[in-house]
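Structure file input02.txt; described as compact mmCIF, N, CA and C atoms.
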```txt
# COMPACT_ATOMS: atom_id res chain seq x y z
N VAL A 101 -30.79 65.17 -4.94
CA VAL A 101 -31.17 63.96 -4.20
C VAL A 101 -29.96 63.53 -3.39
N ASP A 102 -30.20 63.25 -2.12
CA ASP A 102 -29.13 62.83 -1.21
C ASP A 102 -29.11 61.31 -1.15
N THR A 103 -28.22 60.69 -1.91
CA THR A 103 -28.14 59.22 -1.96
C THR A 103 -27.40 58.66 -0.77
N SER A 104 -26.52 59.43 -0.16
CA SER A 104 -25.75 58.91 0.96
C SER A 104 -26.65 58.64 2.15
N GLN A 105 -27.67 59.47 2.33
CA GLN A 105 -28.56 59.25 3.47
C GLN A 105 -29.42 58.02 3.26
N SER A 106 -29.92 57.84 2.05
CA SER A 106 -30.75 56.67 1.81
C SER A 106 -29.92 55.39 1.91
N ALA A 107 -28.65 55.44 1.52
CA ALA A 107 -27.78 54.27 1.64
C ALA A 107 -27.53 53.97 3.10
N ASN A 108 -27.30 54.98 3.91
CA ASN A 108 -27.08 54.77 5.34
C ASN A 108 -28.34 54.23 6.01
N GLU A 109 -29.50 54.76 5.59
CA GLU A 109 -30.74 54.29 6.19
C GLU A 109 -30.98 52.83 5.87
N SER A 110 -30.64 52.42 4.66
CA SER A 110 -30.91 51.03 4.28
C SER A 110 -29.95 50.07 4.98
N THR A 111 -28.75 50.53 5.34
CA THR A 111 -27.79 49.63 5.98
C THR A 111 -27.82 49.71 7.48
N SER A 112 -28.48 50.73 8.03
CA SER A 112 -28.51 50.82 9.49
C SER A 112 -29.45 49.78 10.08
N THR A 113 -29.11 49.34 11.26
CA THR A 113 -29.91 48.32 11.93
C THR A 113 -30.25 48.78 13.32
N SER A 114 -31.33 48.27 13.81
CA SER A 114 -31.75 48.60 15.16
C SER A 114 -31.03 47.71 16.15
N PRO A 115 -30.99 48.05 17.44
CA PRO A 115 -30.34 47.19 18.42
C PRO A 115 -30.95 45.79 18.46
N ASP A 116 -32.26 45.70 18.24
CA ASP A 116 -32.90 44.38 18.22
C ASP A 116 -32.36 43.54 17.06
N GLU A 117 -32.18 44.20 15.91
CA GLU A 117 -31.66 43.46 14.76
C GLU A 117 -30.22 43.02 15.02
N ASN A 118 -29.43 43.91 15.69
CA ASN A 118 -28.05 43.54 16.02
C ASN A 118 -28.02 42.33 16.94
N MET A 119 -28.92 42.28 17.91
CA MET A 119 -28.97 41.14 18.82
C MET A 119 -29.34 39.88 18.04
N HIS A 120 -30.31 40.05 17.10
CA HIS A 120 -30.71 38.91 16.29
C HIS A 120 -29.53 38.44 15.43
N ASP A 121 -28.77 39.41 14.90
CA ASP A 121 -27.59 39.05 14.12
C ASP A 121 -26.56 38.35 14.98
N HIS A 122 -26.41 38.80 16.23
CA HIS A 122 -25.49 38.15 17.16
C HIS A 122 -25.92 36.71 17.41
N ASP A 123 -27.21 36.48 17.59
CA ASP A 123 -27.72 35.12 17.78
C ASP A 123 -27.44 34.28 16.54
N ASN A 124 -27.64 34.87 15.37
CA ASN A 124 -27.37 34.14 14.14
C ASN A 124 -25.89 33.81 14.01
N SER A 125 -25.02 34.75 14.45
CA SER A 125 -23.59 34.46 14.35
C SER A 125 -23.21 33.32 15.28
N GLU A 126 -23.87 33.25 16.45
CA GLU A 126 -23.61 32.10 17.33
C GLU A 126 -24.10 30.82 16.67
N ASN A 127 -25.26 30.87 16.04
CA ASN A 127 -25.76 29.70 15.33
C ASN A 127 -24.81 29.34 14.20
N ASN A 128 -24.28 30.38 13.53
CA ASN A 128 -23.33 30.10 12.46
C ASN A 128 -22.08 29.43 13.02
N HIS A 129 -21.63 29.86 14.19
CA HIS A 129 -20.47 29.20 14.81
C HIS A 129 -20.79 27.76 15.13
N ASN A 130 -21.99 27.49 15.62
CA ASN A 130 -22.38 26.12 15.89
C ASN A 130 -22.45 25.33 14.60
N ASN A 131 -22.97 25.98 13.55
CA ASN A 131 -23.03 25.29 12.26
C ASN A 131 -21.64 25.06 11.70
N GLU A 132 -20.71 25.99 11.98
CA GLU A 132 -19.34 25.78 11.53
C GLU A 132 -18.74 24.55 12.20
N ASP A 133 -19.07 24.35 13.48
CA ASP A 133 -18.59 23.14 14.16
C ASP A 133 -19.14 21.91 13.47
N ASP A 134 -20.41 21.98 13.06
CA ASP A 134 -21.00 20.85 12.33
C ASP A 134 -20.33 20.70 10.97
N ASP A 135 -19.99 21.84 10.35
CA ASP A 135 -19.36 21.79 9.04
C ASP A 135 -17.96 21.21 9.12
N GLU A 136 -17.29 21.37 10.26
CA GLU A 136 -15.96 20.79 10.40
C GLU A 136 -16.01 19.27 10.30
N GLU A 137 -17.14 18.71 10.63
CA GLU A 137 -17.30 17.26 10.49
C GLU A 137 -17.37 16.89 9.02
N ASP A 138 -17.93 17.80 8.17
CA ASP A 138 -17.97 17.57 6.73
C ASP A 138 -16.67 18.10 6.15
N VAL A 139 -15.65 17.27 6.11
CA VAL A 139 -14.30 17.69 5.81
C VAL A 139 -14.14 18.16 4.36
N ASP A 140 -14.80 17.51 3.41
CA ASP A 140 -14.53 17.76 2.00
C ASP A 140 -15.43 18.81 1.36
N GLU A 141 -16.09 19.66 2.12
CA GLU A 141 -16.95 20.67 1.53
C GLU A 141 -16.09 21.78 0.95
N GLU A 142 -16.41 22.17 -0.29
CA GLU A 142 -15.69 23.23 -0.98
C GLU A 142 -16.26 24.58 -0.58
N PRO A 143 -15.40 25.57 -0.36
CA PRO A 143 -15.90 26.93 -0.14
C PRO A 143 -16.41 27.50 -1.47
N ASP A 144 -17.13 28.58 -1.41
CA ASP A 144 -17.64 29.24 -2.61
C ASP A 144 -16.52 30.10 -3.17
N TRP A 145 -15.74 29.52 -4.08
CA TRP A 145 -14.56 30.20 -4.61
C TRP A 145 -14.93 31.44 -5.39
N ASP A 146 -16.06 31.42 -6.09
CA ASP A 146 -16.47 32.59 -6.87
C ASP A 146 -16.69 33.80 -5.97
N THR A 147 -17.34 33.57 -4.84
CA THR A 147 -17.59 34.67 -3.90
C THR A 147 -16.28 35.15 -3.30
N ILE A 148 -15.41 34.23 -2.93
CA ILE A 148 -14.13 34.60 -2.35
C ILE A 148 -13.28 35.37 -3.36
N ALA A 149 -13.34 34.97 -4.62
CA ALA A 149 -12.51 35.59 -5.66
C ALA A 149 -12.95 37.01 -6.00
N GLN A 150 -14.12 37.43 -5.56
CA GLN A 150 -14.60 38.78 -5.86
C GLN A 150 -13.89 39.84 -5.02
N HIS A 151 -13.17 39.46 -3.98
CA HIS A 151 -12.54 40.40 -3.07
C HIS A 151 -11.02 40.34 -3.23
N GLU A 152 -10.39 41.49 -3.02
CA GLU A 152 -8.93 41.56 -3.06
C GLU A 152 -8.38 41.00 -1.77
N PRO A 153 -7.24 40.40 -1.66
CA PRO A 153 -6.30 39.99 -2.70
C PRO A 153 -6.65 38.63 -3.30
N ALA A 154 -7.79 38.10 -2.92
CA ALA A 154 -8.17 36.77 -3.40
C ALA A 154 -8.48 36.77 -4.89
N ARG A 155 -8.71 37.94 -5.46
CA ARG A 155 -9.06 38.02 -6.87
C ARG A 155 -8.00 37.35 -7.74
N SER A 156 -6.74 37.50 -7.39
CA SER A 156 -5.67 36.87 -8.17
C SER A 156 -5.20 35.56 -7.52
N ASP A 157 -5.35 35.47 -6.21
CA ASP A 157 -4.84 34.28 -5.51
C ASP A 157 -5.71 33.05 -5.69
N VAL A 158 -7.02 33.23 -5.74
CA VAL A 158 -7.92 32.08 -5.83
C VAL A 158 -7.73 31.32 -7.13
N PRO A 159 -7.70 31.98 -8.30
CA PRO A 159 -7.47 31.20 -9.53
C PRO A 159 -6.13 30.48 -9.51
N LEU A 160 -5.09 31.15 -8.97
CA LEU A 160 -3.79 30.49 -8.88
C LEU A 160 -3.85 29.27 -7.98
N PHE A 161 -4.54 29.42 -6.85
CA PHE A 161 -4.68 28.30 -5.92
C PHE A 161 -5.43 27.14 -6.57
N ILE A 162 -6.55 27.46 -7.23
CA ILE A 162 -7.36 26.39 -7.85
C ILE A 162 -6.56 25.68 -8.93
N ASN A 163 -5.84 26.45 -9.77
CA ASN A 163 -5.02 25.83 -10.83
C ASN A 163 -3.91 24.96 -10.23
N ALA A 164 -3.26 25.48 -9.19
CA ALA A 164 -2.19 24.71 -8.55
C ALA A 164 -2.75 23.45 -7.91
N ARG A 165 -3.92 23.57 -7.30
CA ARG A 165 -4.53 22.38 -6.67
C ARG A 165 -4.91 21.35 -7.72
N GLU A 166 -5.44 21.80 -8.86
CA GLU A 166 -5.78 20.86 -9.94
C GLU A 166 -4.53 20.17 -10.47
N ARG A 167 -3.45 20.95 -10.66
CA ARG A 167 -2.19 20.34 -11.12
C ARG A 167 -1.66 19.34 -10.10
N ARG A 168 -1.78 19.68 -8.81
CA ARG A 168 -1.34 18.77 -7.76
C ARG A 168 -2.17 17.50 -7.76
N ASP A 169 -3.49 17.63 -7.93
CA ASP A 169 -4.37 16.46 -7.97
C ASP A 169 -4.03 15.56 -9.15
N ILE A 170 -3.77 16.19 -10.31
CA ILE A 170 -3.40 15.40 -11.49
C ILE A 170 -2.06 14.70 -11.27
N ALA A 171 -1.10 15.43 -10.70
CA ALA A 171 0.21 14.82 -10.41
C ALA A 171 0.07 13.70 -9.39
N GLU A 172 -0.78 13.91 -8.39
CA GLU A 172 -1.00 12.88 -7.37
C GLU A 172 -1.61 11.63 -7.99
N THR A 173 -2.55 11.82 -8.92
CA THR A 173 -3.18 10.69 -9.60
C THR A 173 -2.16 9.95 -10.45
N ARG A 174 -1.34 10.71 -11.19
CA ARG A 174 -0.29 10.07 -12.01
C ARG A 174 0.71 9.33 -11.14
N PHE A 175 1.08 9.94 -10.01
CA PHE A 175 2.03 9.30 -9.10
C PHE A 175 1.44 8.01 -8.53
N ALA A 176 0.16 8.05 -8.15
CA ALA A 176 -0.49 6.84 -7.62
C ALA A 176 -0.53 5.75 -8.68
N ALA A 177 -0.83 6.13 -9.93
CA ALA A 177 -0.85 5.14 -11.01
C ALA A 177 0.54 4.56 -11.25
N ALA A 178 1.56 5.44 -11.24
CA ALA A 178 2.93 4.96 -11.43
C ALA A 178 3.35 4.06 -10.28
N LEU A 179 2.96 4.43 -9.07
CA LEU A 179 3.29 3.61 -7.91
C LEU A 179 2.61 2.25 -7.98
N ASP A 180 1.36 2.23 -8.43
CA ASP A 180 0.65 0.96 -8.61
C ASP A 180 1.35 0.10 -9.67
N GLU A 181 1.81 0.75 -10.75
CA GLU A 181 2.51 0.00 -11.81
C GLU A 181 3.83 -0.56 -11.29
N VAL A 182 4.57 0.24 -10.53
CA VAL A 182 5.83 -0.24 -9.95
C VAL A 182 5.56 -1.40 -9.00
N HIS A 183 4.53 -1.26 -8.19
CA HIS A 183 4.18 -2.34 -7.26
C HIS A 183 3.82 -3.60 -8.02
N SER A 184 3.04 -3.46 -9.09
CA SER A 184 2.66 -4.62 -9.89
C SER A 184 3.89 -5.27 -10.53
N ASN A 185 4.79 -4.45 -11.09
CA ASN A 185 6.01 -4.99 -11.71
C ASN A 185 6.90 -5.65 -10.68
N LEU A 186 7.01 -5.04 -9.51
CA LEU A 186 7.82 -5.63 -8.44
C LEU A 186 7.24 -6.97 -8.00
N LYS A 187 5.92 -7.05 -7.90
CA LYS A 187 5.27 -8.31 -7.52
C LYS A 187 5.53 -9.38 -8.58
N GLN A 188 5.41 -9.00 -9.86
CA GLN A 188 5.68 -9.96 -10.93
C GLN A 188 7.13 -10.43 -10.89
N CYS A 189 8.04 -9.50 -10.65
CA CYS A 189 9.46 -9.84 -10.57
C CYS A 189 9.72 -10.80 -9.41
N CYS A 190 9.17 -10.48 -8.26
CA CYS A 190 9.34 -11.35 -7.08
C CYS A 190 8.72 -12.72 -7.32
N ASP A 191 7.53 -12.74 -7.92
CA ASP A 191 6.89 -14.02 -8.23
C ASP A 191 7.75 -14.84 -9.18
N GLY A 192 8.34 -14.17 -10.19
CA GLY A 192 9.23 -14.86 -11.13
C GLY A 192 10.45 -15.43 -10.44
N LEU A 193 11.07 -14.63 -9.56
CA LEU A 193 12.24 -15.10 -8.82
C LEU A 193 11.89 -16.26 -7.90
N LEU A 194 10.74 -16.16 -7.24
CA LEU A 194 10.32 -17.26 -6.36
C LEU A 194 10.04 -18.53 -7.16
N LYS A 195 9.48 -18.38 -8.35
CA LYS A 195 9.21 -19.55 -9.20
C LYS A 195 10.54 -20.20 -9.61
N ILE A 196 11.51 -19.37 -10.00
CA ILE A 196 12.82 -19.90 -10.38
C ILE A 196 13.46 -20.62 -9.20
N ALA A 197 13.43 -19.99 -8.03
CA ALA A 197 14.02 -20.61 -6.84
C ALA A 197 13.29 -21.91 -6.49
N ALA A 198 11.97 -21.91 -6.58
CA ALA A 198 11.20 -23.11 -6.27
C ALA A 198 11.50 -24.23 -7.27
N ASP A 199 11.60 -23.87 -8.56
CA ASP A 199 11.92 -24.88 -9.58
C ASP A 199 13.31 -25.47 -9.34
N LEU A 200 14.29 -24.60 -9.04
CA LEU A 200 15.65 -25.10 -8.76
C LEU A 200 15.65 -25.99 -7.52
N PHE A 201 14.95 -25.56 -6.49
CA PHE A 201 14.88 -26.35 -5.27
C PHE A 201 14.25 -27.71 -5.55
N ASN A 202 13.14 -27.70 -6.28
CA ASN A 202 12.46 -28.96 -6.57
C ASN A 202 13.32 -29.88 -7.43
N ASP A 203 14.00 -29.31 -8.44
CA ASP A 203 14.89 -30.13 -9.27
C ASP A 203 16.02 -30.73 -8.44
N ASN A 204 16.66 -29.90 -7.63
CA ASN A 204 17.75 -30.40 -6.78
C ASN A 204 17.23 -31.42 -5.77
N ARG A 205 16.05 -31.17 -5.23
CA ARG A 205 15.47 -32.10 -4.28
C ARG A 205 15.19 -33.45 -4.93
N ASP A 206 14.63 -33.42 -6.15
CA ASP A 206 14.38 -34.67 -6.87
C ASP A 206 15.69 -35.42 -7.13
N LYS A 207 16.73 -34.69 -7.57
CA LYS A 207 18.04 -35.32 -7.81
C LYS A 207 18.60 -35.91 -6.52
N LEU A 208 18.49 -35.13 -5.42
CA LEU A 208 19.00 -35.62 -4.14
C LEU A 208 18.21 -36.83 -3.65
N ASP A 209 16.90 -36.84 -3.87
CA ASP A 209 16.09 -38.00 -3.49
C ASP A 209 16.53 -39.24 -4.28
N ILE A 210 16.80 -39.06 -5.57
CA ILE A 210 17.26 -40.19 -6.40
C ILE A 210 18.63 -40.67 -5.90
N MET A 211 19.52 -39.71 -5.61
CA MET A 211 20.84 -40.09 -5.09
C MET A 211 20.73 -40.79 -3.75
N GLU A 212 19.86 -40.30 -2.88
CA GLU A 212 19.69 -40.92 -1.56
C GLU A 212 19.19 -42.35 -1.71
N THR A 213 18.23 -42.56 -2.60
CA THR A 213 17.72 -43.91 -2.84
C THR A 213 18.83 -44.82 -3.38
N GLN A 214 19.64 -44.31 -4.30
CA GLN A 214 20.74 -45.08 -4.86
C GLN A 214 21.78 -45.43 -3.78
N ILE A 215 22.09 -44.47 -2.92
CA ILE A 215 23.06 -44.71 -1.84
C ILE A 215 22.53 -45.77 -0.88
N LYS A 216 21.24 -45.69 -0.55
CA LYS A 216 20.65 -46.70 0.35
C LYS A 216 20.72 -48.07 -0.29
N GLN A 217 20.43 -48.14 -1.60
CA GLN A 217 20.53 -49.45 -2.29
C GLN A 217 21.98 -49.92 -2.30
N ASP A 218 22.92 -49.02 -2.51
CA ASP A 218 24.34 -49.39 -2.49
C ASP A 218 24.74 -49.89 -1.11
N PHE A 219 24.27 -49.24 -0.02
CA PHE A 219 24.55 -49.71 1.34
C PHE A 219 24.00 -51.12 1.55
N ILE A 220 22.78 -51.34 1.08
CA ILE A 220 22.17 -52.67 1.25
C ILE A 220 22.98 -53.71 0.48
N GLU A 221 23.35 -53.42 -0.75
CA GLU A 221 24.14 -54.37 -1.55
C GLU A 221 25.52 -54.58 -0.92
N ASN A 222 26.12 -53.49 -0.45
CA ASN A 222 27.44 -53.63 0.20
C ASN A 222 27.34 -54.46 1.47
N GLU A 223 26.29 -54.26 2.25
CA GLU A 223 26.11 -55.05 3.48
C GLU A 223 25.92 -56.52 3.12
N SER A 224 25.12 -56.79 2.10
CA SER A 224 24.91 -58.20 1.73
C SER A 224 26.22 -58.79 1.17
N ALA A 225 26.97 -58.04 0.36
CA ALA A 225 28.26 -58.53 -0.17
C ALA A 225 29.26 -58.71 0.98
N ARG A 226 29.27 -57.79 1.95
CA ARG A 226 30.18 -57.91 3.09
C ARG A 226 29.85 -59.14 3.91
N SER A 227 28.55 -59.35 4.15
CA SER A 227 28.18 -60.54 4.95
C SER A 227 28.55 -61.83 4.18
N GLN A 228 28.36 -61.86 2.87
CA GLN A 228 28.75 -63.05 2.09
C GLN A 228 30.27 -63.23 2.11
N MET A 229 31.00 -62.15 2.01
CA MET A 229 32.47 -62.25 2.08
C MET A 229 32.92 -62.70 3.46
N GLN A 230 32.21 -62.22 4.49
CA GLN A 230 32.54 -62.64 5.86
C GLN A 230 32.31 -64.14 6.00
N ILE A 231 31.21 -64.62 5.45
CA ILE A 231 30.91 -66.06 5.52
C ILE A 231 31.98 -66.84 4.76
N ARG A 232 32.36 -66.40 3.56
CA ARG A 232 33.39 -67.10 2.79
C ARG A 232 34.75 -67.05 3.50
N LEU A 233 35.04 -65.91 4.13
CA LEU A 233 36.31 -65.79 4.85
C LEU A 233 36.34 -66.76 6.02
N GLU A 234 35.21 -66.84 6.75
CA GLU A 234 35.14 -67.79 7.88
C GLU A 234 35.24 -69.23 7.37
N GLU A 235 34.59 -69.52 6.25
CA GLU A 235 34.68 -70.86 5.69
C GLU A 235 36.10 -71.19 5.26
N SER A 236 36.76 -70.18 4.62
CA SER A 236 38.16 -70.40 4.22
C SER A 236 39.05 -70.60 5.43
N ALA A 237 38.81 -69.82 6.47
CA ALA A 237 39.62 -69.94 7.70
C ALA A 237 39.40 -71.30 8.32
N SER A 238 38.15 -71.74 8.38
CA SER A 238 37.89 -73.05 8.98
C SER A 238 38.42 -74.16 8.08
N ALA A 239 38.38 -74.01 6.75
CA ALA A 239 38.95 -75.02 5.85
C ALA A 239 40.47 -75.05 5.97
N ALA A 240 41.08 -73.89 6.19
CA ALA A 240 42.53 -73.83 6.33
C ALA A 240 42.92 -74.45 7.65
N GLN A 241 42.12 -74.30 8.69
CA GLN A 241 42.43 -74.91 9.95
C GLN A 241 42.22 -76.42 9.89
N ALA A 242 41.28 -76.84 9.13
CA ALA A 242 41.01 -78.26 9.02
C ALA A 242 42.12 -78.95 8.24
N GLN A 243 42.82 -78.33 7.48
CA GLN A 243 43.89 -78.97 6.73
C GLN A 243 45.08 -79.05 7.53
```
Could I get this structure in the form of structure tokens?
Amino acid sequence: VDTSQSANESTSTSPDENMHDHDNSENNHNNEDDDEEDVDEEPDWDTIAQHEPARSDVPLFINARERRDIAETRFAAALDEVHSNLKQCCDGLLKIAADLFNDNRDKLDIMETQIKQDFIENESARSQMQIRLEESASAAQAQ
């Protein structure tokens, strides 16, 4: 039995079939353009892995990609934690600064009020002393 001839007969195509295949390849190119819009579609890794040199490269690639995804997830979680801790630290520092500012402001407001009262008392004491000085001067002149 001649198996090589039957294998060739089964794989041979007519010119019409080749033209049809050419049309399908153009459609496939158009579909590939549509597929480029679907960015996250996974290729069929099992089919790719059946051929050399992908037989050894595909599992390595998939494992490395999984490790990278896990590391990326851990890094994102660590970054979120650092961001959260930094925010808490900044909030704590701002609270301390605000409390110090408010305490100093309250003390300064009390001091300002006291100084204003002292100015008022000093002005009233000065005016009374001025009146007494003028009275003493006029009494001294009258004598």
Computed interatomic separation between atom C of Ile162 of chain A and atom C of Asp144 of chain A (Å):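 Separation of atom C of Ile162 of chain A and atom C of Asp144 of chain A: 12.3 Å.
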re atom C of Val158 of chain A and atom C of Glu141 of chain A: distance 15.0 Å
What does the distance between atom CA of Ala239 of chain A and atom CA of Glu221 of chain A come to in Å, to one decimal place?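 Going from atom CA of Ala239 of chain A over to atom CA of Glu221 of chain A covers 26.5 Å.
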